[in-house]
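All remarks here apply to the structure that follows.
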Amino acid sequence: MKQNFNKVEGLLLDDKLRQKGSAEINGKTVEWESAYQIVILPFGDTKGNIRKYSVLESECDRIKSILEEINWGTYVCLEFAGNKVSDVAIYQDWYASYNQIL
């Protein structure tokens, strides 16, 4: 099922480089390319499903530099071009705010 969306808000859990690979899933071989991915817990998902979104190759370096400055659990908004992340907006880095109080 293809997803059609422009933005997804949620809590940042991880960012990582996924290596090229394949696996057998439900009796079918599924292959994927290497990609820089952002892992979030989307708001509004009543089942608490974690989602992984691939980043546009042309935006990887810029988005990596944004994410290097924030903490795990930060409230973010991912913007998409097609089905890939094209931008990240930081809404609230609660842990950074907490450290300023200490």
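Ordering of the structure tokens sets the chain letters (A, B, ...); residue numbers start at 1 within each chain; ligands are numbered from 1 in the order shown.
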*Check chain A with DSSP on the backbone and list each residue it calls strand (DSSP E), as number ranges by chain.*
A: 7-18, 21-25, 28-32, 35-42, 51-54, 75-81, 84-92
_To one decimal place in Å, what is the distance between CA of Ile40 in chain A and CA of Asp87 in chain A?_
14.1 Å
*What is the CA of Gln37 in chain A-CA of Asp14 in chain A distance in Å, reported with one decimal?*
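These atoms are spaced 8.3 Å apart.
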_Point-to-point distance in Å for CA of Glu9 in chain A and CA of Ile90 in chain A_ =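 CA of Glu9 in chain A lies 9.8 Å from CA of Ile90 in chain A.
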*May I have the residues within 12 Å of Asn49 in chain A as a PyMOL selection string, using only C-alpha atoms and disregarding those fewer than 2 positions away in the same chain?*
chain A and resi 10-11+13+39-47+51-52
Taking 5 positions as the minimum chain separation for residues in the same chain, which residues sit within 8 Å of Ser22 in chain A when counting only C-alpha atoms? Answer as a PDB file with C-alpha atoms, in the first residue's frame.
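Listed below is the output, out_17.pdb:
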```pdb
ATOM      1  CA  THR A  29      11.779 -12.087  -1.544  1.00  0.00           C
ATOM      2  CA  VAL A  30      11.906  -8.384  -0.722  1.00  0.00           C
ATOM      3  CA  GLU A  31      14.949  -6.304  -1.688  1.00  0.00           C
ATOM      4  CA  TRP A  32      15.923  -2.797  -0.617  1.00  0.00           C
TER       5      TRP A  32
END
```
_Between A:Glu33, A:Glu24, A:Glu57, A:Glu68, which residue has the minimum interatomic distance to Lys84 in chain A, considering only C-alpha atoms?_
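Among the listed residues, A:Glu57 lies closest to Lys84 in chain A.
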*For Val8 in chain A, the nearest of the candidates A:Tyr53, A:Trp94, A:Arg62, A:Leu67, counting only C-alpha atoms*: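 With only C-alpha atoms as the atom set, the closest residue is A:Tyr53.
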_Taking the DSSP secondary structure from the backbone, can you list the residues of range 7-99 of chain A that are alpha helix (DSSP H), as a ChimeraX atom specification?_
/A:60-68,94-99
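Take the candidates A:Asp61, A:Ile50, A:Val55, A:Ile25 and check each one against Phe80 in chain A using only C-alpha atoms; the shortest distance goes to A:Val55.
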_Nearest-residue call for Ser86 in chain A, choices A:Ser34, A:Thr74, A:Asn6, A:Gln19, using only C-alpha atoms_ = A:Asn6
*Between A:Leu12, A:Ile70, A:Ile38, A:Ile63, which is the closest to Tyr95 in chain A once you count only C-alpha atoms?*
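Comparing A:Leu12, A:Ile70, A:Ile38, A:Ile63 against Tyr95 in chain A, the winner is A:Ile70.
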